[in-house]
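coords_16.cif (mmCIF, C-alpha atoms and all ligand atoms; chains and numbers go by the auth columns)
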```cif
data_run
#
loop_
_atom_site.group_PDB
_atom_site.id
_atom_site.type_symbol
_atom_site.label_atom_id
_atom_site.label_comp_id
_atom_site.label_asym_id
_atom_site.label_seq_id
_atom_site.Cartn_x
_atom_site.Cartn_y
_atom_site.Cartn_z
_atom_site.B_iso_or_equiv
_atom_site.auth_seq_id
_atom_site.auth_asym_id
ATOM 1 C CA MET A 1 81.439 103.372 90.082 0.00 1 Y
ATOM 2 C CA ASP A 2 78.387 105.589 89.729 0.00 2 Y
ATOM 3 C CA LYS A 3 76.827 107.004 92.820 0.00 3 Y
ATOM 4 C CA GLU A 4 73.618 105.179 91.893 0.00 4 Y
ATOM 5 C CA ASP A 5 75.503 101.891 92.232 0.00 5 Y
ATOM 6 C CA TYR A 6 75.687 102.051 95.981 0.00 6 Y
ATOM 7 C CA ILE A 7 73.672 103.036 98.982 0.00 7 Y
ATOM 8 C CA ILE A 8 75.043 105.285 101.677 0.00 8 Y
ATOM 9 C CA GLU A 9 74.087 103.638 104.938 0.00 9 Y
ATOM 10 C CA ASP A 10 74.042 106.622 107.228 0.00 10 Y
ATOM 11 C CA ASP A 11 71.349 105.775 109.751 0.00 11 Y
ATOM 12 C CA TYR A 12 73.384 103.212 111.683 0.00 12 Y
ATOM 13 C CA ASP A 13 74.156 103.985 115.334 0.00 13 Y
ATOM 14 C CA PRO A 14 77.407 102.224 116.363 0.00 14 Y
ATOM 15 C CA GLN A 15 76.370 102.335 120.002 0.00 15 Y
ATOM 16 C CA SER A 16 73.500 99.952 119.182 0.00 16 Y
ATOM 17 C CA ARG A 17 76.044 97.109 118.971 0.00 17 Y
ATOM 18 C CA PHE A 18 76.667 97.338 122.700 0.00 18 Y
ATOM 19 C CA GLU A 19 73.092 97.155 123.925 0.00 19 Y
ATOM 20 C CA ASP A 20 73.175 93.448 124.728 0.00 20 Y
ATOM 21 C CA LYS A 21 74.709 93.781 128.193 0.00 21 Y
ATOM 22 C CA ASP A 22 74.219 90.075 128.947 0.00 22 Y
ATOM 23 C CA ILE A 23 76.620 88.967 126.216 0.00 23 Y
ATOM 24 C CA ILE A 24 79.169 91.610 127.172 0.00 24 Y
ATOM 25 C CA ALA A 25 78.953 90.651 130.851 0.00 25 Y
ATOM 26 C CA THR A 26 80.134 87.134 130.012 0.00 26 Y
ATOM 27 C CA ARG A 27 83.502 88.606 128.875 0.00 27 Y
ATOM 28 C CA PHE A 28 83.416 85.989 126.123 0.00 28 Y
ATOM 29 C CA TRP A 29 86.625 87.325 124.586 0.00 29 Y
ATOM 30 C CA GLU A 30 88.564 86.119 127.622 0.00 30 Y
ATOM 31 C CA LYS A 31 87.084 82.636 127.543 0.00 31 Y
ATOM 32 C CA LYS A 32 86.931 81.643 123.912 0.00 32 Y
ATOM 33 C CA THR A 33 89.296 81.301 120.998 0.00 33 Y
ATOM 34 C CA LEU A 34 88.477 83.136 117.774 0.00 34 Y
ATOM 35 C CA GLU A 35 87.208 79.851 116.334 0.00 35 Y
ATOM 36 C CA GLN A 36 84.720 79.469 119.182 0.00 36 Y
ATOM 37 C CA LEU A 37 83.089 82.889 118.844 0.00 37 Y
ATOM 38 C CA THR A 38 79.497 83.196 117.648 0.00 38 Y
ATOM 39 C CA LYS A 39 78.823 85.547 114.759 0.00 39 Y
ATOM 40 C CA LYS A 40 77.469 88.149 117.157 0.00 40 Y
ATOM 41 C CA GLU A 41 80.488 87.889 119.442 0.00 41 Y
ATOM 42 C CA TRP A 42 82.779 88.190 116.433 0.00 42 Y
ATOM 43 C CA GLU A 43 81.076 91.376 115.305 0.00 43 Y
ATOM 44 C CA LEU A 44 81.232 92.844 118.800 0.00 44 Y
ATOM 45 C CA LEU A 45 84.977 92.417 118.893 0.00 45 Y
ATOM 46 C CA CYS A 46 85.587 94.979 116.161 0.00 46 Y
ATOM 47 C CA ASP A 47 86.621 98.200 117.881 0.00 47 Y
ATOM 48 C CA GLY A 48 85.510 100.400 114.977 0.00 48 Y
ATOM 49 C CA CYS A 49 88.939 101.983 114.468 0.00 49 Y
ATOM 50 C CA GLY A 50 88.655 102.007 110.657 0.00 50 Y
ATOM 51 C CA LYS A 51 92.371 101.333 110.229 0.00 51 Y
ATOM 52 C CA CYS A 52 91.735 98.198 108.139 0.00 52 Y
ATOM 53 C CA CYS A 53 90.251 100.519 105.491 0.00 53 Y
ATOM 54 C CA LEU A 54 93.546 102.326 104.906 0.00 54 Y
ATOM 55 C CA ASN A 55 95.253 101.493 101.644 0.00 55 Y
ATOM 56 C CA LYS A 56 98.449 99.506 101.980 0.00 56 Y
ATOM 57 C CA LEU A 57 101.450 98.657 99.856 0.00 57 Y
ATOM 58 C CA GLU A 58 103.449 95.463 100.067 0.00 58 Y
ATOM 59 C CA ILE A 59 107.128 96.306 99.738 0.00 59 Y
ATOM 60 C CA LYS A 60 109.785 93.598 100.025 0.00 60 Y
ATOM 61 C CA GLY A 61 107.359 91.290 101.822 0.00 61 Y
ATOM 62 C CA LYS A 62 106.283 93.924 104.338 0.00 62 Y
ATOM 63 C CA VAL A 63 102.941 95.658 104.508 0.00 63 Y
ATOM 64 C CA CYS A 64 103.263 99.430 104.591 0.00 64 Y
ATOM 65 C CA PHE A 65 100.193 101.383 105.634 0.00 65 Y
ATOM 66 C CA THR A 66 99.382 104.681 103.976 0.00 66 Y
ATOM 67 C CA ASN A 67 97.236 107.522 105.224 0.00 67 Y
ATOM 68 C CA THR A 68 95.004 107.120 102.185 0.00 68 Y
ATOM 69 C CA TYR A 69 91.590 105.591 102.729 0.00 69 Y
ATOM 70 C CA CYS A 70 88.964 103.718 100.805 0.00 70 Y
ATOM 71 C CA ARG A 71 86.492 106.096 99.195 0.00 71 Y
ATOM 72 C CA PHE A 72 83.634 104.409 101.039 0.00 72 Y
ATOM 73 C CA LEU A 73 84.929 105.070 104.512 0.00 73 Y
ATOM 74 C CA ASP A 74 83.273 107.799 106.550 0.00 74 Y
ATOM 75 C CA THR A 75 86.372 109.167 108.247 0.00 75 Y
ATOM 76 C CA LYS A 76 84.448 110.871 111.052 0.00 76 Y
ATOM 77 C CA SER A 77 82.547 107.828 112.278 0.00 77 Y
ATOM 78 C CA CYS A 78 85.109 105.371 110.797 0.00 78 Y
ATOM 79 C CA LEU A 79 82.185 103.365 109.435 0.00 79 Y
ATOM 80 C CA CYS A 80 81.864 101.874 105.978 0.00 80 Y
ATOM 81 C CA LYS A 81 79.194 103.670 103.991 0.00 81 Y
ATOM 82 C CA ILE A 82 78.272 100.529 102.073 0.00 82 Y
ATOM 83 C CA TYR A 83 78.865 97.898 104.752 0.00 83 Y
ATOM 84 C CA SER A 84 76.168 95.397 103.820 0.00 84 Y
ATOM 85 C CA HIS A 85 77.262 95.107 100.204 0.00 85 Y
ATOM 86 C CA ARG A 86 80.904 96.209 100.402 0.00 86 Y
ATOM 87 C CA LEU A 87 82.292 92.853 99.286 0.00 87 Y
ATOM 88 C CA GLN A 88 80.228 92.910 96.109 0.00 88 Y
ATOM 89 C CA LYS A 89 81.048 96.522 95.292 0.00 89 Y
ATOM 90 C CA VAL A 90 84.724 96.855 96.144 0.00 90 Y
ATOM 91 C CA ASN A 91 87.030 94.253 94.628 0.00 91 Y
ATOM 92 C CA ASP A 92 89.811 94.545 97.176 0.00 92 Y
ATOM 93 C CA CYS A 93 87.651 94.959 100.263 0.00 93 Y
ATOM 94 C CA ARG A 94 88.332 92.037 102.591 0.00 94 Y
ATOM 95 C CA ASP A 95 85.989 90.344 104.992 0.00 95 Y
ATOM 96 C CA ILE A 96 87.630 90.173 108.395 0.00 96 Y
ATOM 97 C CA ASP A 97 87.650 86.451 109.082 0.00 97 Y
ATOM 98 C CA ILE A 98 90.143 84.183 110.822 0.00 98 Y
ATOM 99 C CA GLN A 99 92.181 83.749 107.627 0.00 99 Y
ATOM 100 C CA ALA A 100 92.479 87.518 107.285 0.00 100 Y
ATOM 101 C CA VAL A 101 93.526 87.868 110.922 0.00 101 Y
ATOM 102 C CA ARG A 102 96.276 85.262 110.531 0.00 102 Y
ATOM 103 C CA GLU A 103 97.506 86.271 107.108 0.00 103 Y
ATOM 104 C CA LYS A 104 101.226 86.982 106.786 0.00 104 Y
ATOM 105 C CA PRO A 105 102.502 89.555 106.310 0.00 105 Y
ATOM 106 C CA ARG A 106 100.016 91.079 108.744 0.00 106 Y
ATOM 107 C CA TRP A 107 97.882 93.758 107.124 0.00 107 Y
ATOM 108 C CA LEU A 108 95.560 94.481 110.029 0.00 108 Y
ATOM 109 C CA PRO A 109 96.810 97.048 112.556 0.00 109 Y
ATOM 110 C CA LYS A 110 98.518 95.768 115.666 0.00 110 Y
ATOM 111 C CA THR A 111 95.690 97.238 117.783 0.00 111 Y
ATOM 112 C CA CYS A 112 93.017 95.279 115.913 0.00 112 Y
ATOM 113 C CA ALA A 113 91.075 93.334 118.536 0.00 113 Y
ATOM 114 C CA TYR A 114 91.153 90.144 116.468 0.00 114 Y
ATOM 115 C CA VAL A 115 94.924 90.317 116.135 0.00 115 Y
ATOM 116 C CA LEU A 116 95.371 91.012 119.847 0.00 116 Y
ATOM 117 C CA LEU A 117 93.194 88.110 120.967 0.00 117 Y
ATOM 118 C CA ASP A 118 94.747 85.736 118.454 0.00 118 Y
ATOM 119 C CA GLU A 119 98.131 86.613 119.942 0.00 119 Y
ATOM 120 C CA GLY A 120 96.840 85.932 123.456 0.00 120 Y
ATOM 121 C CA LEU A 121 96.833 89.610 124.420 0.00 121 Y
ATOM 122 C CA PRO A 122 94.041 91.411 126.328 0.00 122 Y
ATOM 123 C CA LEU A 123 91.743 94.010 124.844 0.00 123 Y
ATOM 124 C CA PRO A 124 92.977 97.545 125.535 0.00 124 Y
ATOM 125 C CA SER A 125 91.249 99.690 128.157 0.00 125 Y
ATOM 126 C CA TRP A 126 89.704 101.873 125.442 0.00 126 Y
ATOM 127 C CA HIS A 127 88.008 99.009 123.606 0.00 127 Y
ATOM 128 C CA PRO A 128 84.235 99.533 123.423 0.00 128 Y
ATOM 129 C CA LEU A 129 83.627 96.123 125.004 0.00 129 Y
ATOM 130 C CA ILE A 130 85.536 97.311 128.066 0.00 130 Y
ATOM 131 C CA THR A 131 84.101 100.828 128.243 0.00 131 Y
ATOM 132 C CA GLY A 132 80.604 100.045 126.954 0.00 132 Y
ATOM 133 C CA LEU A 133 80.933 103.018 124.620 0.00 133 Y
ATOM 134 C CA ALA A 134 81.419 102.785 120.858 0.00 134 Y
ATOM 135 C CA SER A 135 83.013 106.233 120.966 0.00 135 Y
ATOM 136 C CA SER A 136 85.839 105.268 123.324 0.00 136 Y
ATOM 137 C CA VAL A 137 88.101 104.136 120.463 0.00 137 Y
ATOM 138 C CA HIS A 138 87.833 107.633 118.990 0.00 138 Y
ATOM 139 C CA ASN A 139 88.182 109.454 122.300 0.00 139 Y
ATOM 140 C CA ALA A 140 91.349 107.520 123.083 0.00 140 Y
ATOM 141 C CA GLY A 141 92.862 108.473 119.717 0.00 141 Y
ATOM 142 C CA PHE A 142 93.133 104.942 118.357 0.00 142 Y
ATOM 143 C CA SER A 143 90.759 105.333 115.425 0.00 143 Y
ATOM 144 C CA LEU A 144 91.171 107.254 112.193 0.00 144 Y
ATOM 145 C CA SER A 145 88.787 109.989 113.291 0.00 145 Y
ATOM 146 C CA SER A 146 91.466 112.478 114.303 0.00 146 Y
ATOM 147 C CA ARG A 147 94.170 111.609 111.747 0.00 147 Y
ATOM 148 C CA GLU A 148 95.387 113.468 108.726 0.00 148 Y
ATOM 149 C CA LEU A 149 93.990 111.381 105.887 0.00 149 Y
ATOM 150 C CA ILE A 150 93.599 111.544 102.122 0.00 150 Y
ATOM 151 C CA ASN A 151 90.770 110.078 100.098 0.00 151 Y
ATOM 152 C CA GLU A 152 92.131 107.521 97.630 0.00 152 Y
ATOM 153 C CA THR A 153 90.391 109.358 94.794 0.00 153 Y
ATOM 154 C CA GLU A 154 92.867 112.217 95.289 0.00 154 Y
ATOM 155 C CA VAL A 155 96.034 110.114 95.421 0.00 155 Y
ATOM 156 C CA GLU A 156 98.552 109.946 92.589 0.00 156 Y
ATOM 157 C CA ASP A 157 101.395 108.034 94.184 0.00 157 Y
ATOM 158 C CA TYR A 158 100.664 105.848 97.205 0.00 158 Y
ATOM 159 C CA GLU A 159 104.358 105.581 98.043 0.00 159 Y
ATOM 160 C CA ASN A 160 104.313 109.240 99.008 0.00 160 Y
ATOM 161 C CA HIS A 161 101.705 108.518 101.658 0.00 161 Y
ATOM 162 C CA ILE A 162 103.314 105.741 103.688 0.00 162 Y
ATOM 163 C CA VAL A 163 102.902 106.361 107.404 0.00 163 Y
ATOM 164 C CA LYS A 164 104.596 104.808 110.417 0.00 164 Y
ATOM 165 C CA TRP A 165 102.031 105.385 113.134 0.00 165 Y
ATOM 166 C CA GLU A 166 102.747 103.579 116.380 0.00 166 Y
ATOM 167 C CA ASP A 167 99.427 101.754 116.347 0.00 167 Y
ATOM 168 C CA LEU A 168 99.722 100.181 112.893 0.00 168 Y
HETATM 169 S S1 LIG B . 91.249 97.088 112.298 0.00 1 B
HETATM 170 FE FE1 LIG B . 90.210 95.427 113.310 0.00 1 B
HETATM 171 S S2 LIG B . 89.236 96.368 115.083 0.00 1 B
HETATM 172 FE FE2 LIG B . 89.767 98.053 113.676 0.00 1 B
HETATM 173 S S3 LIG B . 87.934 98.350 112.407 0.00 1 B
HETATM 174 FE FE3 LIG B . 89.244 96.897 111.329 0.00 1 B
HETATM 175 S S4 LIG B . 88.534 94.856 111.964 0.00 1 B
HETATM 176 FE FE4 LIG B . 87.708 96.357 113.411 0.00 1 B
HETATM 177 S S1 LIG B . 84.384 99.095 101.197 0.00 2 B
HETATM 178 FE FE1 LIG B . 85.696 97.862 102.515 0.00 2 B
HETATM 179 S S2 LIG B . 87.648 98.985 102.593 0.00 2 B
HETATM 180 FE FE2 LIG B . 86.071 100.394 101.811 0.00 2 B
HETATM 181 S S3 LIG B . 85.333 101.476 103.635 0.00 2 B
HETATM 182 FE FE3 LIG B . 83.989 99.728 103.291 0.00 2 B
HETATM 183 S S4 LIG B . 84.857 98.089 104.597 0.00 2 B
HETATM 184 FE FE4 LIG B . 86.436 99.681 104.350 0.00 2 B
#
```
As structure tokens, what does this structure read like?
Ligand code: SF4
Ligand code: SF4
Amino acid sequence: MDKEDYIIEDDYDPQSRFEDKDIIATRFWEKKTLEQLTKKEWELLCDGCGKCCLNKLEIKGKVCFTNTYCRFLDTKSCLCKIYSHRLQKVNDCRDIDIQAVREKPRWLPKTCAYVLLDEGLPLPSWHPLITGLASSVHNAGFSLSSRELINETEVEDYENHIVKWEDL
């Protein structure tokens, strides 16, 4: 893909997602199923960890995460650089919808807020909806921002990059 084919969306402030205090105060995630969430509530649930943008291998029916990442991920902010048109530009980029959350074998990390809620578990204390801060996922060490990672453009053999992090 040529650089001209995509737009780097670098003026987005992740904290802006948490400005609507009224919605957050309802603690909607404790009262609704995933099916009942509005689009806005659904978007708010994402903790911004970036771990769904790691490349994975399926080996003997099991998903193995690697520490290699999609070339469009900004590994500092853990944001997609082409978010609004990612599904058109990247063939294997997946929209995170209910089908994706429930797919077996599971390919979203075990800390993913959608996975947790679908399993009837609470959001962790570091989730931005609990702290009110988009940065809390990074500060708690649950995002990709402080991990040793390799851009997929530099990878020759993904099998050499399988990782077994506790939070995957
Ligand atoms: S793994 Fe889940 S919570 Fe983390 S960025 Fe992806 S969709 Fe959001
Ligand atoms: S294109 Fe998809 S997989 Fe790549 S960084 Fe963006 S959201 Fe993640």
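For Y:Lys110, the non-local neighbours within 8 Å, defined as residues at least 3 positions apart in the same chain or in other chains and counting all atoms listed in the file, are Val115, Leu116, Asp167 and Leu168 of chain Y.
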Determine the residue set returned by the PyMOL selection byres (((not hetatm)) within 6 of (chain B and resi 2)) for the present structure, and present it as a ChimeraX atom specification.
/Y:53,70,72-73,80,82-83,86,90,93
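Nearest residue to Y:Asp22, choosing from Y:Leu117, Y:Glu41, Y:Lys51, Y:Ser145 and counting only C-alpha atoms: Y:Glu41.
From atom CA of Y:Gln15 back to atom CA of Y:Ser146, the distance works out to 19.1 Å.
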Give me the residues of chain Y that have any atom at most 8 Å from an atom of ligand LIG 1 (chain B); for each, the nearest atom pair and the distance in Å, rounded to one decimal. Use all atoms listed in the file, sort by chain and number, and format it as a Markdown table.
```
| residue | atom | partner | partner_atom | distance |
| --- | --- | --- | --- | --- |
| Y:Leu45 | CA | B:LIG1 | S2 | 6.9 |
| Y:Cys46 | CA | B:LIG1 | FE4 | 3.7 |
| Y:Asp47 | CA | B:LIG1 | S2 | 4.2 |
| Y:Gly48 | CA | B:LIG1 | S3 | 4.1 |
| Y:Cys49 | CA | B:LIG1 | FE2 | 4.1 |
| Y:Gly50 | CA | B:LIG1 | S3 | 4.1 |
| Y:Lys51 | CA | B:LIG1 | S1 | 4.9 |
| Y:Cys52 | CA | B:LIG1 | FE3 | 4.3 |
| Y:Cys53 | CA | B:LIG1 | FE3 | 6.9 |
| Y:Cys78 | CA | B:LIG1 | S3 | 7.7 |
| Y:Ile96 | CA | B:LIG1 | S4 | 6.0 |
| Y:Leu108 | CA | B:LIG1 | S1 | 5.5 |
| Y:Pro109 | CA | B:LIG1 | S1 | 5.6 |
| Y:Thr111 | CA | B:LIG1 | S2 | 7.0 |
| Y:Cys112 | CA | B:LIG1 | FE1 | 3.8 |
| Y:Ala113 | CA | B:LIG1 | S2 | 5.0 |
| Y:Tyr114 | CA | B:LIG1 | FE1 | 6.2 |
| Y:Val115 | CA | B:LIG1 | FE1 | 7.5 |
| Y:Ser143 | CA | B:LIG1 | FE2 | 7.6 |
```
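Shortest atom-to-atom contact with Y:Gln99 among Y:Cys64, Y:Asp13, Y:Asp118, Y:Pro124: Y:Asp118, counting only C-alpha atoms.
Of the listed residues (Y:Val101, Y:Ile130, Y:Tyr158, Y:Leu149), Y:Ile130 comes nearest to Y:Arg27; the distances count only C-alpha atoms.
What the PyMOL selection byres (((chain Y and resi 23) around 12) and not hetatm) matches in the given file is Arg17, Phe18, Glu19, Asp20, Lys21, Asp22, Ile24, Ala25, Thr26, Arg27, Phe28, Trp29, Leu37, Thr38, Lys40, Glu41, Trp42, Leu44, Leu45, Leu129 and Gly132 of chain Y.
With distances restricted to only C-alpha atoms, Y:Gly120 is the closest residue to Y:Glu30 from Y:Gly61, Y:Pro14, Y:Pro128, Y:Gly120.
When the PyMOL selection byres (((chain Y and resi 152) around 10) and not hetatm) is evaluated against the file, it yields Leu54, Asn55, Asn67, Thr68, Tyr69, Cys70, Arg71, Phe72, Leu149, Ile150, Asn151, Thr153, Glu154, Val155, Glu156, Asp157 and Tyr158 of chain Y.
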So what do you get for atom CA of Y:Leu133 versus atom CA of Y:Lys31, distance-wise?
21.5 Å
How would stretch 41-61 of chain Y read, as a PDB file, keeping the file's coordinate frame, once N, CA and C atoms are built in?
```
ATOM      1  N   GLU Y  41      79.292  87.586 118.652  1.00  0.00           N
ATOM      2  CA  GLU Y  41      80.488  87.889 119.442  1.00  0.00           C
ATOM      3  C   GLU Y  41      81.616  88.403 118.533  1.00  0.00           C
ATOM      4  N   TRP Y  42      81.733  87.773 117.388  1.00  0.00           N
ATOM      5  CA  TRP Y  42      82.779  88.190 116.433  1.00  0.00           C
ATOM      6  C   TRP Y  42      82.577  89.655 116.049  1.00  0.00           C
ATOM      7  N   GLU Y  43      81.363  90.001 115.718  1.00  0.00           N
ATOM      8  CA  GLU Y  43      81.076  91.376 115.305  1.00  0.00           C
ATOM      9  C   GLU Y  43      81.346  92.363 116.443  1.00  0.00           C
ATOM     10  N   LEU Y  44      81.020  91.961 117.654  1.00  0.00           N
ATOM     11  CA  LEU Y  44      81.232  92.844 118.800  1.00  0.00           C
ATOM     12  C   LEU Y  44      82.706  93.148 119.046  1.00  0.00           C
ATOM     13  N   LEU Y  45      83.539  92.228 118.636  1.00  0.00           N
ATOM     14  CA  LEU Y  45      84.977  92.417 118.893  1.00  0.00           C
ATOM     15  C   LEU Y  45      85.590  93.582 118.122  1.00  0.00           C
ATOM     16  N   CYS Y  46      85.015  93.891 116.962  1.00  0.00           N
ATOM     17  CA  CYS Y  46      85.587  94.979 116.161  1.00  0.00           C
ATOM     18  C   CYS Y  46      85.492  96.283 116.954  1.00  0.00           C
ATOM     19  N   ASP Y  47      86.615  96.967 117.077  1.00  0.00           N
ATOM     20  CA  ASP Y  47      86.621  98.200 117.881  1.00  0.00           C
ATOM     21  C   ASP Y  47      86.168  99.433 117.098  1.00  0.00           C
ATOM     22  N   GLY Y  48      85.991  99.268 115.779  1.00  0.00           N
ATOM     23  CA  GLY Y  48      85.510 100.400 114.977  1.00  0.00           C
ATOM     24  C   GLY Y  48      86.577 101.434 114.672  1.00  0.00           C
ATOM     25  N   CYS Y  49      87.850 101.015 114.696  1.00  0.00           N
ATOM     26  CA  CYS Y  49      88.939 101.983 114.468  1.00  0.00           C
ATOM     27  C   CYS Y  49      89.026 102.461 113.024  1.00  0.00           C
ATOM     28  N   GLY Y  50      88.609 101.625 112.083  1.00  0.00           N
ATOM     29  CA  GLY Y  50      88.655 102.007 110.657  1.00  0.00           C
ATOM     30  C   GLY Y  50      90.013 101.810 110.015  1.00  0.00           C
ATOM     31  N   LYS Y  51      91.020 101.385 110.784  1.00  0.00           N
ATOM     32  CA  LYS Y  51      92.371 101.333 110.229  1.00  0.00           C
ATOM     33  C   LYS Y  51      92.547 100.224 109.184  1.00  0.00           C
ATOM     34  N   CYS Y  52      91.646  99.230 109.180  1.00  0.00           N
ATOM     35  CA  CYS Y  52      91.735  98.198 108.139  1.00  0.00           C
ATOM     36  C   CYS Y  52      91.302  98.744 106.786  1.00  0.00           C
ATOM     37  N   CYS Y  53      90.711  99.920 106.758  1.00  0.00           N
ATOM     38  CA  CYS Y  53      90.251 100.519 105.491  1.00  0.00           C
ATOM     39  C   CYS Y  53      91.264 101.501 104.916  1.00  0.00           C
ATOM     40  N   LEU Y  54      92.447 101.559 105.522  1.00  0.00           N
ATOM     41  CA  LEU Y  54      93.546 102.326 104.906  1.00  0.00           C
ATOM     42  C   LEU Y  54      94.102 101.522 103.747  1.00  0.00           C
ATOM     43  N   ASN Y  55      94.584 102.193 102.740  1.00  0.00           N
ATOM     44  CA  ASN Y  55      95.253 101.493 101.644  1.00  0.00           C
ATOM     45  C   ASN Y  55      96.675 101.137 102.066  1.00  0.00           C
ATOM     46  N   LYS Y  56      97.112  99.996 101.599  1.00  0.00           N
ATOM     47  CA  LYS Y  56      98.449  99.506 101.980  1.00  0.00           C
ATOM     48  C   LYS Y  56      99.239  99.129 100.734  1.00  0.00           C
ATOM     49  N   LEU Y  57     100.555  99.123 100.911  1.00  0.00           N
ATOM     50  CA  LEU Y  57     101.450  98.657  99.856  1.00  0.00           C
ATOM     51  C   LEU Y  57     102.242  97.494 100.435  1.00  0.00           C
ATOM     52  N   GLU Y  58     102.547  96.517  99.603  1.00  0.00           N
ATOM     53  CA  GLU Y  58     103.449  95.463 100.067  1.00  0.00           C
ATOM     54  C   GLU Y  58     104.797  95.708  99.413  1.00  0.00           C
ATOM     55  N   ILE Y  59     105.787  95.996 100.242  1.00  0.00           N
ATOM     56  CA  ILE Y  59     107.128  96.306  99.738  1.00  0.00           C
ATOM     57  C   ILE Y  59     108.121  95.345 100.386  1.00  0.00           C
ATOM     58  N   LYS Y  60     108.804  94.585  99.554  1.00  0.00           N
ATOM     59  CA  LYS Y  60     109.785  93.598 100.025  1.00  0.00           C
ATOM     60  C   LYS Y  60     109.191  92.710 101.124  1.00  0.00           C
ATOM     61  N   GLY Y  61     107.980  92.228 100.889  1.00  0.00           N
ATOM     62  CA  GLY Y  61     107.359  91.290 101.822  1.00  0.00           C
ATOM     63  C   GLY Y  61     106.802  91.918 103.081  1.00  0.00           C
TER      64      GLY Y  61
END
```
